[in-house]
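*Asks:* Here's a structure for you.
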Number of protein chains: 2
Amino acid sequence: MAVEEKVEITDAEWEIMRVVWTLEQATSKEIIEVLQEKKDWKPATTKTFIGRLVKKGILLAEPQGNKFIYSAGISEEGSVKSATDRLFGQICSRAAGKTIADMISKALLSHEDIRLLQSALDAKKDEAVDTVPCNCIPGQCKCKKDHNINCY
Amino acid sequence: MAVEEKVEITDAEWEIMRVVWTLEQATSKEIIEVLQEKKDWKPATTKTFIGRLVKKGILLAEPQGNKFIYSAGISEEGSVKSATDRLFGQICSRAAGKTIADMISKALLSHEDIRLLQSALDAKKDEAVDTVPCNCIPGQCKCKKDHNINCY
DNA sequence: AATAAACGATTACAAATGTAAACTATGGTT
DNA sequence: AACCATAGTTTACATTTGTAATCGTTTATT
């Protein structure tokens with residue numbers, strides 16, 4: 001697998017990427033137009049972000065005459081995965097389950113989503129462990145205090 | 001409910017907060033000690049983050065003689081929730097289910113977690129909808145293209 | 001009492017981020 | 001041919017974030 005996906009995408013840049021992931025091929029004009037609906041950005045601002053993304057190699061610029069056709073240099077799936085990894089990296093590994101459960105409780109889901117989630121969950125039933133090891137350093141989670149298991 | 005929870009916590013600040021959420025009451029010395037295990041920060045660096053957190057009102061400083069006893073001004077649960085909200089705010093509402101399913105697939109879960117997730121999922125079965133409405137602006141998701149439903 | 005250790009406050013400074021104007025080149029319009 | 005709209009590039013600048021040294025006090029030590 002490629003190395004990629006180690007790049008940091010800022011909030012503003014993420015907005016640009018979503019447009020490119022969606023359109024797959026887009027001119028700066030199109031990106032600017034799409035975002036006008038959502039962000040109160042001047043065209044110049046969007047241009048700046050496009051430029052930075054290209055510099056970072058996250059956005060590919062294919063010369064089209066004197067203009068460029070932009071396309072994504074990283075996948076949306078991979079990027080979303082990076083974002084979720086980052087989130088779970090901020091909490092105790094033992095809290096992941098509860099956190100995901102909270103997400104489910106809060107989300108608006110379709111029957112299809114329920115099926116999908118049920119499948120994922122069923123698949124996990126086999127490989128479920130008795131105790132998820134805590135990955136925190138002492139003093140950054142309450143595993144010991146709450147469960148008297150590992151940590152510390 | 002209080003207004004709070006609208007504050008932004010940076011990565012570095014999050015490290016401090018985790019210590020305080022865990023210890024509940026901590027001196028700067030304790031915070032510095034805990035983090036020495038994880039971050040390559042000089043004591044002065046940790047102090048800077050503590051100061052910024054106090055200024056933001058995220059960290060409470062109770063005078064203890066000439067020192068301070070620090071405690072959290074916002075809850076860990078609420079903060080994690082904010083973080084997940086932020087994540088889901090970056091993707092199409094229709095993709096939430098799949099994203100959560102991916103998290104389940106990737107996570108290491110305990111039998112207890114499985115039960116918790118199953119409960120959350122069961123609870124959702126009632127209120128599941130046929131189609132989750134897309135919350136994206138035209139050009140930022142492929143709902144139309146992929147499912148021919150809303151968007152655009 | 002003199003000093004050293006500890007703690008919080010102040011100051012510093014580079015890099016990242018958000019936001020945008022100005023400049024340049026080029027192709028389309030009159 | 002002259003001019004303007006458009007796209008990309010360069011420059012600008014304030015704020016935030018990461019990282020830390022220094023300074024001023026105060027408390028503990030000798």
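Chain labels follow the order of the structure tokens: the first chain is A, the next B, and so on; residue numbering restarts at 1 in every chain, and ligands are counted from 1 in their shown order.
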Can you tell me which residues surround range 12-26 of chain D at a distance of at most 12 Å, considering only C-alpha atoms (C1' of nucleotides), apart from same-chain residues fewer than 4 positions away, and format the answer as number ranges by chain?
*Replies:* B: 8-13, 39-49, 52, 65-67; C: 4-22
*Asks:* When you get a sec, could you note down which chain A residues fall within 6 Å of chain B, using only C-alpha atoms, as a PyMOL selection string?
*Replies:* chain A and resi 18-19+22+34+97+101+105+109-111+113+117+120+128-132+139-142
*Asks:* Since we have the selection now, will you write its residues out, keeping C-alpha atoms, as a JSON list (two decimals), in the first residue's frame?
*Replies:*
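Saved file result_25.json follows:
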[["chain", "number", "residue", "atom", "x", "y", "z"],
["A", 18, "ARG", "CA", -15.14, 17.20, -0.24],
["A", 19, "VAL", "CA", -15.96, 19.07, -3.40],
["A", 22, "THR", "CA", -17.59, 14.55, -5.11],
["A", 34, "VAL", "CA", -19.90, 25.00, -4.82],
["A", 97, "GLY", "CA", -16.80, 0.62, 22.50],
["A", 101, "ALA", "CA", -22.27, 3.05, 21.19],
["A", 105, "SER", "CA", -27.43, 6.34, 19.92],
["A", 109, "LEU", "CA", -29.83, 5.64, 10.89],
["A", 110, "SER", "CA", -31.64, 3.91, 8.09],
["A", 111, "HIS", "CA", -32.77, 0.30, 8.12],
["A", 113, "ASP", "CA", -27.49, 1.23, 8.18],
["A", 117, "LEU", "CA", -23.99, -2.18, 11.70],
["A", 120, "ALA", "CA", -20.14, -5.43, 11.55],
["A", 128, "ALA", "CA", -14.35, -10.14, 21.02],
["A", 129, "VAL", "CA", -12.01, -10.25, 24.00],
["A", 130, "ASP", "CA", -12.76, -10.38, 27.67],
["A", 131, "THR", "CA", -10.84, -7.25, 28.42],
["A", 132, "VAL", "CA", -9.59, -4.66, 26.01],
["A", 139, "GLY", "CA", -2.66, 9.26, 34.92],
["A", 140, "GLN", "CA", -4.49, 9.67, 31.65],
["A", 141, "CYS", "CA", -7.40, 7.32, 32.17],
["A", 142, "LYS", "CA", -9.31, 5.79, 35.04]]
*Asks:* Would you mind aligning chain A to chain B, a least-squares fit over all C-alpha atoms taken in order, and returning the superposed chain as a short mmCIF file (atom, residue, chain, number, x, y, z; two decimals) with N, CA and C atoms, in the first residue's frame?
*Replies:*
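Below you can see result.cif, which holds the result:
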data_model
loop_
_atom_site.label_atom_id
_atom_site.label_comp_id
_atom_site.auth_asym_id
_atom_site.auth_seq_id
_atom_site.Cartn_x
_atom_site.Cartn_y
_atom_site.Cartn_z
N MET A 1 -29.52 23.25 30.53
CA MET A 1 -28.10 22.84 30.47
C MET A 1 -27.19 24.05 30.26
N ALA A 2 -26.01 23.95 30.76
CA ALA A 2 -25.06 25.07 30.65
C ALA A 2 -24.68 25.30 29.19
N VAL A 3 -24.15 26.47 28.95
CA VAL A 3 -23.78 26.83 27.58
C VAL A 3 -22.47 26.12 27.22
N GLU A 4 -21.56 26.14 28.10
CA GLU A 4 -20.20 25.58 27.90
C GLU A 4 -19.99 24.75 26.63
N GLU A 5 -19.06 23.84 26.73
CA GLU A 5 -18.83 22.87 25.65
C GLU A 5 -18.73 23.45 24.24
N LYS A 6 -18.54 24.75 24.13
CA LYS A 6 -18.42 25.32 22.79
C LYS A 6 -16.96 25.68 22.53
N VAL A 7 -16.16 25.46 23.56
CA VAL A 7 -14.74 25.76 23.51
C VAL A 7 -13.95 24.79 22.64
N GLU A 8 -12.91 25.30 22.08
CA GLU A 8 -12.03 24.48 21.26
C GLU A 8 -10.83 24.03 22.08
N ILE A 9 -10.57 22.77 22.05
CA ILE A 9 -9.41 22.24 22.76
C ILE A 9 -8.43 21.74 21.73
N THR A 10 -7.22 22.22 21.79
CA THR A 10 -6.21 21.78 20.83
C THR A 10 -5.67 20.41 21.26
N ASP A 11 -4.90 19.81 20.39
CA ASP A 11 -4.33 18.51 20.70
C ASP A 11 -3.50 18.54 21.97
N ALA A 12 -2.65 19.54 22.05
CA ALA A 12 -1.77 19.63 23.21
C ALA A 12 -2.60 19.84 24.48
N GLU A 13 -3.59 20.67 24.38
CA GLU A 13 -4.43 20.94 25.55
C GLU A 13 -5.20 19.69 25.95
N TRP A 14 -5.57 18.92 24.97
CA TRP A 14 -6.32 17.68 25.25
C TRP A 14 -5.49 16.77 26.17
N GLU A 15 -4.20 16.74 25.94
CA GLU A 15 -3.33 15.91 26.77
C GLU A 15 -3.40 16.33 28.22
N ILE A 16 -3.41 17.62 28.43
CA ILE A 16 -3.49 18.14 29.80
C ILE A 16 -4.84 17.75 30.40
N MET A 17 -5.89 17.97 29.63
CA MET A 17 -7.23 17.69 30.14
C MET A 17 -7.41 16.23 30.52
N ARG A 18 -6.84 15.35 29.74
CA ARG A 18 -6.99 13.93 30.07
C ARG A 18 -6.41 13.63 31.45
N VAL A 19 -5.33 14.32 31.76
CA VAL A 19 -4.71 14.10 33.07
C VAL A 19 -5.65 14.62 34.16
N VAL A 20 -6.18 15.78 33.94
CA VAL A 20 -7.06 16.38 34.93
C VAL A 20 -8.37 15.61 35.05
N TRP A 21 -8.89 15.13 33.95
CA TRP A 21 -10.12 14.34 34.01
C TRP A 21 -9.85 13.08 34.82
N THR A 22 -8.66 12.58 34.70
CA THR A 22 -8.33 11.35 35.39
C THR A 22 -8.06 11.57 36.88
N LEU A 23 -7.22 12.53 37.16
CA LEU A 23 -6.85 12.77 38.55
C LEU A 23 -7.92 13.59 39.29
N GLU A 24 -8.72 14.28 38.52
CA GLU A 24 -9.78 15.13 39.07
C GLU A 24 -9.24 16.37 39.79
N GLN A 25 -8.22 16.16 40.57
CA GLN A 25 -7.57 17.28 41.24
C GLN A 25 -6.08 17.09 40.95
N ALA A 26 -5.44 18.09 40.48
CA ALA A 26 -4.02 17.92 40.21
C ALA A 26 -3.26 19.23 40.30
N THR A 27 -2.02 19.12 40.71
CA THR A 27 -1.16 20.30 40.76
C THR A 27 -0.43 20.31 39.42
N SER A 28 0.19 21.43 39.10
CA SER A 28 0.90 21.51 37.82
C SER A 28 2.02 20.48 37.84
N LYS A 29 2.59 20.31 39.01
CA LYS A 29 3.68 19.34 39.14
C LYS A 29 3.21 17.95 38.74
N GLU A 30 2.05 17.57 39.20
CA GLU A 30 1.54 16.25 38.87
C GLU A 30 1.26 16.12 37.38
N ILE A 31 0.66 17.15 36.82
CA ILE A 31 0.35 17.12 35.39
C ILE A 31 1.63 16.97 34.59
N ILE A 32 2.62 17.75 34.97
CA ILE A 32 3.90 17.70 34.27
C ILE A 32 4.51 16.31 34.38
N GLU A 33 4.44 15.74 35.57
CA GLU A 33 5.01 14.40 35.76
C GLU A 33 4.31 13.35 34.90
N VAL A 34 3.01 13.37 34.94
CA VAL A 34 2.26 12.39 34.15
C VAL A 34 2.62 12.48 32.68
N LEU A 35 2.65 13.69 32.16
CA LEU A 35 2.90 13.86 30.74
C LEU A 35 4.33 13.61 30.30
N GLN A 36 5.22 13.61 31.28
CA GLN A 36 6.62 13.35 30.93
C GLN A 36 6.75 11.96 30.32
N GLU A 37 5.85 11.10 30.72
CA GLU A 37 5.85 9.72 30.24
C GLU A 37 5.50 9.65 28.76
N LYS A 38 4.75 10.61 28.30
CA LYS A 38 4.21 10.55 26.95
C LYS A 38 4.72 11.62 25.97
N LYS A 39 4.81 12.81 26.47
CA LYS A 39 5.22 13.90 25.60
C LYS A 39 6.62 14.38 25.94
N ASP A 40 7.29 14.81 24.90
CA ASP A 40 8.66 15.25 25.08
C ASP A 40 8.66 16.75 25.38
N TRP A 41 7.86 17.12 26.35
CA TRP A 41 7.71 18.53 26.65
C TRP A 41 8.56 18.95 27.85
N LYS A 42 9.08 20.16 27.76
CA LYS A 42 9.78 20.74 28.88
C LYS A 42 8.70 21.18 29.85
N PRO A 43 9.00 21.24 31.13
CA PRO A 43 7.98 21.67 32.10
C PRO A 43 7.35 23.00 31.70
N ALA A 44 8.17 23.88 31.15
CA ALA A 44 7.65 25.19 30.75
C ALA A 44 6.55 25.07 29.71
N THR A 45 6.69 24.09 28.85
CA THR A 45 5.70 23.90 27.79
C THR A 45 4.35 23.50 28.39
N THR A 46 4.42 22.56 29.29
CA THR A 46 3.18 22.13 29.94
C THR A 46 2.55 23.30 30.69
N LYS A 47 3.39 24.07 31.32
CA LYS A 47 2.88 25.25 32.04
C LYS A 47 2.13 26.18 31.10
N THR A 48 2.68 26.35 29.92
CA THR A 48 2.01 27.24 28.96
C THR A 48 0.61 26.74 28.65
N PHE A 49 0.50 25.44 28.41
CA PHE A 49 -0.81 24.90 28.07
C PHE A 49 -1.77 25.01 29.24
N ILE A 50 -1.26 24.79 30.42
CA ILE A 50 -2.11 24.93 31.61
C ILE A 50 -2.63 26.36 31.67
N GLY A 51 -1.72 27.29 31.48
CA GLY A 51 -2.12 28.69 31.52
C GLY A 51 -3.20 29.02 30.50
N ARG A 52 -3.02 28.52 29.30
CA ARG A 52 -4.01 28.81 28.26
C ARG A 52 -5.35 28.18 28.58
N LEU A 53 -5.32 26.99 29.12
CA LEU A 53 -6.58 26.32 29.46
C LEU A 53 -7.30 27.08 30.56
N VAL A 54 -6.54 27.57 31.52
CA VAL A 54 -7.17 28.33 32.60
C VAL A 54 -7.80 29.60 32.03
N LYS A 55 -7.05 30.25 31.14
CA LYS A 55 -7.56 31.48 30.53
C LYS A 55 -8.87 31.21 29.78
N LYS A 56 -8.94 30.07 29.15
CA LYS A 56 -10.13 29.72 28.38
C LYS A 56 -11.27 29.23 29.28
N GLY A 57 -10.94 29.05 30.57
CA GLY A 57 -11.98 28.59 31.48
C GLY A 57 -12.25 27.11 31.39
N ILE A 58 -11.40 26.41 30.67
CA ILE A 58 -11.58 24.97 30.51
C ILE A 58 -10.99 24.24 31.70
N LEU A 59 -10.00 24.88 32.29
CA LEU A 59 -9.34 24.32 33.46
C LEU A 59 -9.59 25.28 34.61
N LEU A 60 -10.04 24.73 35.74
CA LEU A 60 -10.29 25.58 36.90
C LEU A 60 -9.09 25.54 37.82
N ALA A 61 -8.74 26.67 38.37
CA ALA A 61 -7.59 26.77 39.25
C ALA A 61 -8.05 27.23 40.63
N GLU A 62 -7.99 26.31 41.55
CA GLU A 62 -8.39 26.61 42.92
C GLU A 62 -7.14 26.94 43.73
N PRO A 63 -7.06 28.14 44.29
CA PRO A 63 -5.86 28.52 45.06
C PRO A 63 -5.66 27.56 46.23
N GLN A 64 -4.48 27.08 46.34
CA GLN A 64 -4.11 26.16 47.41
C GLN A 64 -2.82 26.72 47.98
N GLY A 65 -2.95 27.56 49.00
CA GLY A 65 -1.74 28.21 49.52
C GLY A 65 -1.24 29.12 48.42
N ASN A 66 0.00 28.98 48.06
CA ASN A 66 0.53 29.81 46.98
C ASN A 66 0.45 29.11 45.63
N LYS A 67 -0.01 27.88 45.64
CA LYS A 67 -0.10 27.13 44.40
C LYS A 67 -1.57 27.06 43.97
N PHE A 68 -1.81 26.20 43.02
CA PHE A 68 -3.19 25.98 42.57
C PHE A 68 -3.47 24.50 42.46
N ILE A 69 -4.71 24.19 42.69
CA ILE A 69 -5.16 22.82 42.45
C ILE A 69 -6.04 22.96 41.22
N TYR A 70 -5.68 22.23 40.19
CA TYR A 70 -6.45 22.33 38.94
C TYR A 70 -7.50 21.24 38.86
N SER A 71 -8.60 21.60 38.23
CA SER A 71 -9.66 20.62 38.00
C SER A 71 -10.33 20.99 36.67
N ALA A 72 -11.07 20.05 36.13
CA ALA A 72 -11.68 20.28 34.81
C ALA A 72 -12.90 21.17 34.85
N GLY A 73 -12.95 22.08 33.92
CA GLY A 73 -14.10 22.97 33.84
C GLY A 73 -15.14 22.42 32.87
N ILE A 74 -14.77 21.41 32.12
CA ILE A 74 -15.71 20.76 31.21
C ILE A 74 -15.52 19.26 31.38
N SER A 75 -16.56 18.53 31.09
CA SER A 75 -16.50 17.08 31.30
C SER A 75 -15.82 16.36 30.14
N GLU A 76 -15.26 15.22 30.47
CA GLU A 76 -14.61 14.43 29.43
C GLU A 76 -15.68 13.91 28.46
N GLU A 77 -16.78 13.46 29.00
CA GLU A 77 -17.86 12.93 28.16
C GLU A 77 -18.30 13.99 27.15
N GLY A 78 -18.57 15.16 27.66
CA GLY A 78 -19.01 16.24 26.78
C GLY A 78 -17.97 16.57 25.74
N SER A 79 -16.72 16.53 26.15
CA SER A 79 -15.66 16.87 25.22
C SER A 79 -15.50 15.81 24.14
N VAL A 80 -15.63 14.56 24.54
CA VAL A 80 -15.52 13.49 23.56
C VAL A 80 -16.71 13.61 22.60
N LYS A 81 -17.85 13.92 23.15
CA LYS A 81 -19.02 14.08 22.32
C LYS A 81 -18.81 15.22 21.31
N SER A 82 -18.22 16.30 21.77
CA SER A 82 -17.95 17.41 20.86
C SER A 82 -17.03 16.96 19.74
N ALA A 83 -16.05 16.16 20.13
CA ALA A 83 -15.08 15.69 19.14
C ALA A 83 -15.77 14.80 18.11
N THR A 84 -16.67 13.95 18.56
CA THR A 84 -17.35 13.08 17.60
C THR A 84 -18.31 13.90 16.74
N ASP A 85 -18.94 14.88 17.34
CA ASP A 85 -19.83 15.75 16.56
C ASP A 85 -19.05 16.42 15.45
N ARG A 86 -17.89 16.86 15.80
CA ARG A 86 -17.06 17.54 14.82
C ARG A 86 -16.74 16.59 13.67
N LEU A 87 -16.40 15.37 14.02
CA LEU A 87 -16.10 14.38 12.99
C LEU A 87 -17.29 14.16 12.06
N PHE A 88 -18.45 13.94 12.64
CA PHE A 88 -19.62 13.67 11.81
C PHE A 88 -20.06 14.92 11.06
N GLY A 89 -19.62 16.05 11.55
CA GLY A 89 -19.95 17.28 10.85
C GLY A 89 -19.16 17.40 9.55
N GLN A 90 -18.11 16.61 9.45
CA GLN A 90 -17.26 16.68 8.27
C GLN A 90 -17.69 15.74 7.15
N ILE A 91 -18.62 14.88 7.46
CA ILE A 91 -19.06 13.94 6.42
C ILE A 91 -20.56 14.02 6.21
N CYS A 92 -20.99 13.44 5.14
CA CYS A 92 -22.42 13.44 4.80
C CYS A 92 -23.19 12.66 5.86
N SER A 93 -24.32 13.19 6.28
CA SER A 93 -25.11 12.52 7.31
C SER A 93 -25.50 11.11 6.86
N ARG A 94 -25.60 10.93 5.58
CA ARG A 94 -25.97 9.61 5.09
C ARG A 94 -24.83 8.61 5.21
N ALA A 95 -23.63 9.11 5.44
CA ALA A 95 -22.46 8.22 5.54
C ALA A 95 -22.14 7.86 6.99
N ALA A 96 -22.90 8.42 7.92
CA ALA A 96 -22.61 8.16 9.33
C ALA A 96 -22.68 6.67 9.67
N GLY A 97 -23.72 6.03 9.22
CA GLY A 97 -23.88 4.61 9.52
C GLY A 97 -22.69 3.79 9.07
N LYS A 98 -22.33 3.98 7.84
CA LYS A 98 -21.19 3.22 7.30
C LYS A 98 -19.92 3.55 8.06
N THR A 99 -19.76 4.82 8.41
CA THR A 99 -18.56 5.23 9.14
C THR A 99 -18.50 4.55 10.51
N ILE A 100 -19.64 4.50 11.16
CA ILE A 100 -19.68 3.85 12.47
C ILE A 100 -19.41 2.35 12.31
N ALA A 101 -19.96 1.78 11.25
CA ALA A 101 -19.73 0.35 11.01
C ALA A 101 -18.24 0.09 10.83
N ASP A 102 -17.57 0.99 10.13
CA ASP A 102 -16.13 0.84 9.92
C ASP A 102 -15.39 0.92 11.25
N MET A 103 -15.88 1.78 12.11
CA MET A 103 -15.22 1.92 13.41
C MET A 103 -15.35 0.61 14.18
N ILE A 104 -16.53 0.04 14.11
CA ILE A 104 -16.75 -1.22 14.82
C ILE A 104 -15.81 -2.28 14.27
N SER A 105 -15.73 -2.35 12.96
CA SER A 105 -14.87 -3.35 12.33
C SER A 105 -13.42 -3.20 12.76
N LYS A 106 -13.03 -1.99 12.91
CA LYS A 106 -11.64 -1.73 13.23
C LYS A 106 -11.31 -1.82 14.72
N ALA A 107 -12.28 -1.57 15.55
CA ALA A 107 -12.03 -1.54 16.99
C ALA A 107 -11.81 -2.91 17.63
N LEU A 108 -11.11 -2.87 18.73
CA LEU A 108 -10.94 -4.08 19.51
C LEU A 108 -12.02 -3.95 20.59
N LEU A 109 -12.93 -4.91 20.62
CA LEU A 109 -14.06 -4.79 21.56
C LEU A 109 -14.15 -5.96 22.52
N SER A 110 -14.71 -5.68 23.67
CA SER A 110 -14.90 -6.72 24.68
C SER A 110 -16.32 -7.26 24.53
N HIS A 111 -16.59 -8.35 25.19
CA HIS A 111 -17.94 -8.92 25.14
C HIS A 111 -18.91 -7.89 25.70
N GLU A 112 -18.44 -7.21 26.71
CA GLU A 112 -19.27 -6.19 27.32
C GLU A 112 -19.57 -5.07 26.31
N ASP A 113 -18.56 -4.69 25.55
CA ASP A 113 -18.76 -3.65 24.54
C ASP A 113 -19.79 -4.13 23.52
N ILE A 114 -19.67 -5.37 23.14
CA ILE A 114 -20.60 -5.94 22.15
C ILE A 114 -22.03 -5.81 22.68
N ARG A 115 -22.19 -6.15 23.94
CA ARG A 115 -23.53 -6.05 24.53
C ARG A 115 -24.02 -4.62 24.48
N LEU A 116 -23.13 -3.73 24.84
CA LEU A 116 -23.48 -2.30 24.86
C LEU A 116 -23.88 -1.84 23.46
N LEU A 117 -23.09 -2.22 22.51
CA LEU A 117 -23.37 -1.82 21.13
C LEU A 117 -24.66 -2.44 20.63
N GLN A 118 -24.88 -3.69 21.03
CA GLN A 118 -26.10 -4.35 20.60
C GLN A 118 -27.32 -3.63 21.15
N SER A 119 -27.21 -3.20 22.39
CA SER A 119 -28.32 -2.48 23.01
C SER A 119 -28.59 -1.19 22.25
N ALA A 120 -27.53 -0.45 22.02
CA ALA A 120 -27.67 0.82 21.32
C ALA A 120 -28.31 0.59 19.95
N LEU A 121 -27.86 -0.44 19.31
CA LEU A 121 -28.37 -0.75 17.97
C LEU A 121 -29.84 -1.17 18.04
N ASP A 122 -30.14 -2.02 19.00
CA ASP A 122 -31.54 -2.47 19.15
C ASP A 122 -32.45 -1.27 19.38
N ALA A 123 -31.98 -0.38 20.21
CA ALA A 123 -32.79 0.80 20.51
C ALA A 123 -33.05 1.62 19.25
N LYS A 124 -32.10 1.57 18.34
CA LYS A 124 -32.23 2.34 17.12
C LYS A 124 -33.17 1.69 16.11
N LYS A 125 -33.32 0.41 16.23
CA LYS A 125 -34.15 -0.31 15.25
C LYS A 125 -35.53 0.30 15.11
N ASP A 126 -36.11 0.72 16.22
CA ASP A 126 -37.44 1.31 16.18
C ASP A 126 -37.46 2.58 15.34
N GLU A 127 -36.57 3.47 15.74
CA GLU A 127 -36.56 4.77 15.09
C GLU A 127 -35.75 4.84 13.79
N ALA A 128 -35.47 3.72 13.22
CA ALA A 128 -34.71 3.74 11.97
C ALA A 128 -35.61 4.27 10.85
N VAL A 129 -35.02 5.02 9.94
CA VAL A 129 -35.79 5.57 8.83
C VAL A 129 -35.45 4.82 7.55
N ASP A 130 -36.24 5.07 6.54
CA ASP A 130 -35.96 4.41 5.27
C ASP A 130 -34.77 5.06 4.61
N THR A 131 -34.78 6.37 4.65
CA THR A 131 -33.68 7.10 4.03
C THR A 131 -33.24 8.26 4.90
N VAL A 132 -31.98 8.26 5.23
CA VAL A 132 -31.45 9.36 6.02
C VAL A 132 -31.31 10.54 5.08
N PRO A 133 -31.83 11.68 5.45
CA PRO A 133 -31.67 12.84 4.57
C PRO A 133 -30.23 13.30 4.51
N CYS A 134 -29.82 13.64 3.34
CA CYS A 134 -28.46 14.12 3.13
C CYS A 134 -28.42 15.58 3.57
N ASN A 135 -27.38 15.94 4.25
CA ASN A 135 -27.26 17.32 4.74
C ASN A 135 -26.19 18.11 3.99
N CYS A 136 -25.77 17.59 2.88
CA CYS A 136 -24.70 18.26 2.15
C CYS A 136 -25.22 19.27 1.14
N ILE A 137 -24.36 20.18 0.82
CA ILE A 137 -24.70 21.11 -0.25
C ILE A 137 -24.37 20.37 -1.54
N PRO A 138 -25.01 20.76 -2.63
CA PRO A 138 -24.72 20.10 -3.90
C PRO A 138 -23.24 20.25 -4.22
N GLY A 139 -22.63 19.15 -4.57
CA GLY A 139 -21.22 19.21 -4.92
C GLY A 139 -20.29 18.78 -3.80
N GLN A 140 -20.87 18.45 -2.65
CA GLN A 140 -19.99 17.99 -1.57
C GLN A 140 -20.27 16.55 -1.16
N CYS A 141 -21.16 15.88 -1.85
CA CYS A 141 -21.32 14.45 -1.58
C CYS A 141 -21.97 13.83 -2.80
N LYS A 142 -21.89 12.53 -2.90
CA LYS A 142 -22.37 11.85 -4.10
C LYS A 142 -23.74 11.22 -3.94
N CYS A 143 -24.50 11.68 -2.98
CA CYS A 143 -25.80 11.05 -2.75
C CYS A 143 -26.59 10.91 -4.03
N LYS A 144 -26.73 11.97 -4.74
CA LYS A 144 -27.49 11.93 -5.97
C LYS A 144 -26.92 10.89 -6.93
N LYS A 145 -25.64 11.02 -7.15
CA LYS A 145 -24.98 10.11 -8.07
C LYS A 145 -25.13 8.64 -7.67
N ASP A 146 -24.90 8.36 -6.42
CA ASP A 146 -24.93 6.97 -5.97
C ASP A 146 -26.31 6.40 -5.68
N HIS A 147 -27.20 7.23 -5.18
CA HIS A 147 -28.49 6.68 -4.77
C HIS A 147 -29.67 7.34 -5.44
N ASN A 148 -29.40 8.40 -6.13
CA ASN A 148 -30.47 9.11 -6.79
C ASN A 148 -31.54 9.60 -5.81
N ILE A 149 -31.11 9.91 -4.65
CA ILE A 149 -32.04 10.42 -3.66
C ILE A 149 -31.52 11.77 -3.17
N ASN A 150 -32.42 12.61 -2.83
CA ASN A 150 -32.11 14.00 -2.41
C ASN A 150 -30.72 14.50 -2.84
N CYS A 151 -30.29 15.58 -2.31
CA CYS A 151 -29.05 16.22 -2.76
C CYS A 151 -29.28 16.71 -4.17
N TYR A 152 -29.00 17.92 -4.40
CA TYR A 152 -29.13 18.57 -5.71
C TYR A 152 -30.62 18.94 -5.96
#
*Asks:* Per DSSP on the backbone, what are the strand (DSSP E or B) residues of range 12-134 of chain A, as a list in words?
*Replies:* Ala26, Leu59, Leu60, Ala61, Glu62, Pro63, Gln64, Lys67, Phe68, Ile69, Tyr70, Ser71, Ala72, Ser110 and Val129 of chain A
*Asks:* Take the residues that were just selected and, keeping C-alpha atoms, output them as a short mmCIF file (atom, residue, chain, number, x, y, z; two decimals), in the first residue's frame.
*Replies:*
data_model
loop_
_atom_site.label_atom_id
_atom_site.label_comp_id
_atom_site.auth_asym_id
_atom_site.auth_seq_id
_atom_site.Cartn_x
_atom_site.Cartn_y
_atom_site.Cartn_z
CA ALA A 26 -13.18 20.13 -10.97
CA LEU A 59 -4.87 17.84 -4.59
CA LEU A 60 -3.66 16.96 -8.07
CA ALA A 61 -3.61 19.62 -10.75
CA GLU A 62 -3.80 18.41 -14.30
CA PRO A 63 -2.99 21.15 -16.84
CA GLN A 64 -5.98 21.81 -19.03
CA LYS A 67 -6.10 26.23 -16.47
CA PHE A 68 -6.04 23.16 -14.29
CA ILE A 69 -8.38 20.33 -13.66
CA TYR A 70 -8.13 19.35 -10.02
CA SER A 71 -8.64 15.89 -8.64
CA ALA A 72 -8.05 14.22 -5.29
CA SER A 110 -31.64 3.91 8.09
CA VAL A 129 -12.01 -10.25 24.00
#
*Asks:* Which chain D residues are at most 10 Å from chain A (counting only C-alpha atoms (C1' of nucleotides)), as a ChimeraX atom specification?
*Replies:* /D:6-9
*Asks:* Check chain A with DSSP on the backbone and list each residue it calls helix (DSSP H, G or I), as an NGL selection string.
*Replies:* :A and (11-23 or 28-36 or 43-56 or 76-89 or 93-106 or 111-126 or 143-147)
*Asks:* Record the distance separating C1' of DC23 in chain C and C1' of DT10 in chain D, expressed in Å with one decimal.
*Replies:* 7.3 Å
*Asks:* C1' of DA25 in chain C and C1' of DC3 in chain D are how many Å apart?
*Replies:*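 Atom-to-atom, C1' of DA25 in chain C to C1' of DC3 in chain D, that is 14.1 Å.
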